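Structure data (PDB, C-alpha atoms) from target_1.pdb:
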MODEL        1
ATOM      1  CA  MET S 186     109.949  86.779 108.146  1.00  0.00           C
ATOM      2  CA  LEU S 187     112.530  84.347 109.507  1.00  0.00           C
ATOM      3  CA  GLY S 188     110.594  84.193 112.764  1.00  0.00           C
ATOM      4  CA  ILE S 189     107.467  83.198 110.867  1.00  0.00           C
ATOM      5  CA  LEU S 190     109.357  80.373 109.187  1.00  0.00           C
ATOM      6  CA  ARG S 191     110.848  79.178 112.469  1.00  0.00           C
ATOM      7  CA  ARG S 192     107.464  79.198 114.174  1.00  0.00           C
ATOM      8  CA  PHE S 193     105.814  77.518 111.219  1.00  0.00           C
ATOM      9  CA  LEU S 194     108.490  74.856 110.828  1.00  0.00           C
ATOM     10  CA  GLY S 195     109.521  74.124 114.421  1.00  0.00           C
ATOM     11  CA  ASP S 196     112.152  71.462 115.192  1.00  0.00           C
ATOM     12  CA  LYS S 197     111.608  68.606 112.711  1.00  0.00           C
ATOM     13  CA  GLN S 198     113.538  66.252 110.489  1.00  0.00           C
ATOM     14  CA  SER S 199     114.781  67.546 107.118  1.00  0.00           C
ATOM     15  CA  GLY S 200     112.084  65.770 105.066  1.00  0.00           C
ATOM     16  CA  GLN S 201     109.355  67.234 107.244  1.00  0.00           C
ATOM     17  CA  ILE S 202     110.992  70.656 107.083  1.00  0.00           C
ATOM     18  CA  ALA S 203     111.164  70.534 103.278  1.00  0.00           C
ATOM     19  CA  ARG S 204     107.502  69.559 103.111  1.00  0.00           C
ATOM     20  CA  LYS S 205     106.477  72.388 105.457  1.00  0.00           C
ATOM     21  CA  ARG S 206     108.563  74.881 103.473  1.00  0.00           C
ATOM     22  CA  MET S 207     106.826  73.828 100.288  1.00  0.00           C
ATOM     23  CA  GLN S 208     103.430  74.191 101.975  1.00  0.00           C
ATOM     24  CA  PHE S 209     104.463  77.643 103.192  1.00  0.00           C
ATOM     25  CA  VAL S 210     105.543  78.703  99.681  1.00  0.00           C
ATOM     26  CA  LEU S 211     102.369  77.311  98.115  1.00  0.00           C
ATOM     27  CA  MET S 212     100.209  78.991 100.740  1.00  0.00           C
ATOM     28  CA  HIS S 213     101.822  82.374 100.042  1.00  0.00           C
ATOM     29  CA  ASP S 214     101.547  81.820  96.281  1.00  0.00           C
ATOM     30  CA  ARG S 215      97.882  80.920  96.605  1.00  0.00           C
ATOM     31  CA  VAL S 216      97.011  84.134  98.450  1.00  0.00           C
ATOM     32  CA  ASP S 217      99.717  86.090  96.608  1.00  0.00           C
ATOM     33  CA  ILE S 218     101.156  87.698  99.764  1.00  0.00           C
ATOM     34  CA  THR S 219     104.796  88.658  99.508  1.00  0.00           C
ATOM     35  CA  PRO S 220     107.051  89.090 102.552  1.00  0.00           C
ATOM     36  CA  ASP S 221     106.947  92.864 101.933  1.00  0.00           C
ATOM     37  CA  MET S 222     103.151  92.770 101.940  1.00  0.00           C
ATOM     38  CA  MET S 223     103.174  90.794 105.207  1.00  0.00           C
ATOM     39  CA  GLU S 224     105.416  93.480 106.732  1.00  0.00           C
ATOM     40  CA  GLU S 225     103.076  96.238 105.498  1.00  0.00           C
ATOM     41  CA  LEU S 226     100.126  94.353 106.938  1.00  0.00           C
ATOM     42  CA  LYS S 227     101.924  94.075 110.268  1.00  0.00           C
ATOM     43  CA  ASN S 228     102.665  97.828 110.240  1.00  0.00           C
ATOM     44  CA  ASP S 229      99.027  98.630 109.435  1.00  0.00           C
ATOM     45  CA  ILE S 230      97.837  96.454 112.312  1.00  0.00           C
ATOM     46  CA  ILE S 231     100.247  98.261 114.651  1.00  0.00           C
ATOM     47  CA  LYS S 232      99.044 101.654 113.401  1.00  0.00           C
ATOM     48  CA  VAL S 233      95.355 100.861 113.930  1.00  0.00           C
ATOM     49  CA  LEU S 234      95.770  99.159 117.308  1.00  0.00           C
ATOM     50  CA  SER S 235      97.966 102.007 118.546  1.00  0.00           C
ATOM     51  CA  ARG S 236      95.013 104.394 118.214  1.00  0.00           C
ATOM     52  CA  TYR S 237      93.082 102.396 120.815  1.00  0.00           C
ATOM     53  CA  MET S 238      95.695 100.860 123.081  1.00  0.00           C
ATOM     54  CA  GLU S 239      99.327 100.893 124.074  1.00  0.00           C
ATOM     55  CA  ILE S 240     100.968  97.823 122.619  1.00  0.00           C
ATOM     56  CA  ASP S 241     104.378  96.214 122.780  1.00  0.00           C
ATOM     57  CA  ARG S 242     105.495  96.899 119.196  1.00  0.00           C
ATOM     58  CA  GLY S 243     108.269  94.332 119.402  1.00  0.00           C
ATOM     59  CA  SER S 244     105.891  91.541 120.344  1.00  0.00           C
ATOM     60  CA  ILE S 245     103.578  91.553 117.331  1.00  0.00           C
ATOM     61  CA  LYS S 246     103.558  88.424 115.214  1.00  0.00           C
ATOM     62  CA  VAL S 247     101.502  88.009 112.062  1.00  0.00           C
ATOM     63  CA  ASP S 248     101.172  84.571 110.496  1.00  0.00           C
ATOM     64  CA  LEU S 249      99.092  82.780 107.925  1.00  0.00           C
ATOM     65  CA  GLU S 250      97.694  79.407 108.889  1.00  0.00           C
ATOM     66  CA  GLN S 251      96.020  77.032 106.529  1.00  0.00           C
ATOM     67  CA  GLY S 252      93.485  74.421 107.448  1.00  0.00           C
ATOM     68  CA  LYS S 253      91.876  71.884 105.191  1.00  0.00           C
ATOM     69  CA  ASP S 254      89.192  74.284 103.924  1.00  0.00           C
ATOM     70  CA  PHE S 255      90.395  77.699 105.077  1.00  0.00           C
ATOM     71  CA  MET S 256      93.255  80.127 105.454  1.00  0.00           C
ATOM     72  CA  ALA S 257      93.497  82.378 108.505  1.00  0.00           C
ATOM     73  CA  LEU S 258      95.504  85.453 109.395  1.00  0.00           C
ATOM     74  CA  ILE S 259      96.692  85.114 112.985  1.00  0.00           C
ATOM     75  CA  SER S 260      97.996  88.161 114.818  1.00  0.00           C
ATOM     76  CA  ASN S 261      99.395  88.112 118.350  1.00  0.00           C
ATOM     77  CA  VAL S 262      99.978  91.441 120.088  1.00  0.00           C
ATOM     78  CA  GLN S 263     100.848  92.135 123.704  1.00  0.00           C
ATOM     79  CA  ILE S 264      98.616  94.904 125.037  1.00  0.00           C
ATOM     80  CA  LYS S 265     100.040  97.118 127.775  1.00  0.00           C
ATOM     81  CA  ARG S 266      96.910  99.181 128.381  1.00  0.00           C
ATOM     82  CA  VAL S 267      93.709 100.320 126.694  1.00  0.00           C
ATOM     83  CA  TYR S 268      93.116 104.029 126.187  1.00  0.00           C
ATOM     84  CA  ARG S 269      89.877 105.454 127.573  1.00  0.00           C
ATOM     85  CA  HIS S 270      89.484 107.662 124.515  1.00  0.00           C
ATOM     86  CA  ALA S 271      90.779 106.771 121.081  1.00  0.00           C
ATOM     87  CA  THR S 272      93.407 109.152 119.706  1.00  0.00           C
TER
ENDMDL
END

For this file, produce the structure as structure tokens.
Amino acid sequence: MLGILRRFLGDKQSGQIARKRMQFVLMHDRVDITPDMMEELKNDIIKVLSRYMEIDRGSIKVDLEQGKDFMALISNVQIKRVYRHAT
């Protein structure tokens, strides 16, 4: 979760950081996703992808991004290889 905050906030001045933190809190409140739920979501993504490909489990990052009129779930996963037949 701390990594998500660091990525979301970046290196900014304290006023900008406070504003981004508030946006982050409001975004999570709006979609009602707790940090535990984000971790479960991440684990589910790993479980499903692992049936079809070998992935670097330590590399997965799951974030929420909000635009003006949308919210998106962004997942980055390093793929080592794709299995010929799903397990």

Task: Atomic separation - atom CA of S:Asp229 relative to atom CA of S:Lys265, Å - done: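 Separation of atom CA of S:Lys265 and atom CA of S:Asp229: 18.4 Å.
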
TODO: Spell out the residues picked by the PyMOL selection byres ((chain S and resi 266) around 9) here, as a ChimeraX atom specification.
DONE: /S:238-240,264-265,267-268

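You will find atom CA of S:Leu249 at 17.0 Å from atom CA of S:Ile202.
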
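One finds atom CA of S:Leu234 at 21.6 Å from atom CA of S:Glu250.
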
Task: Nearest to S:Met223, chosen from S:Ser244, S:Ser260, S:Ser235, S:Gly200, with all atoms listed in the file counted in the distances - done: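 Distance minimum relative to S:Met223 lands on S:Ser260.
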
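With all atoms listed in the file as the atoms that count, the minimum distance from S:Arg269 to the choices S:Phe255, S:Ile245, S:Tyr237, S:Gln201 is reached by S:Tyr237.
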
Task: Answer key for the PyMOL selection byres ((chain S and resi 258) around 12), residues as JSON, numbers by chain - done: {"S": [212, 213, 216, 218, 223, 226, 227, 230, 246, 247, 248, 249, 250, 251, 252, 255, 256, 257, 259, 260, 261]}

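Distances here use all atoms listed in the file; by that measure, the residue among S:Glu224, S:His270, S:Asp254, S:Gln263 closest to S:Asp241 is S:Gln263.
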
Padding 4 Å on each side, edges along x, y and z: where is the centre of the box around the listed atoms of stretch 234-245 of chain S, and how long are its edges in Å to one decimal? Output it as JSON.
{"center_x": 100.7, "center_y": 98.0, "center_z": 120.7, "size_x": 23.2, "size_y": 20.9, "size_z": 14.8}
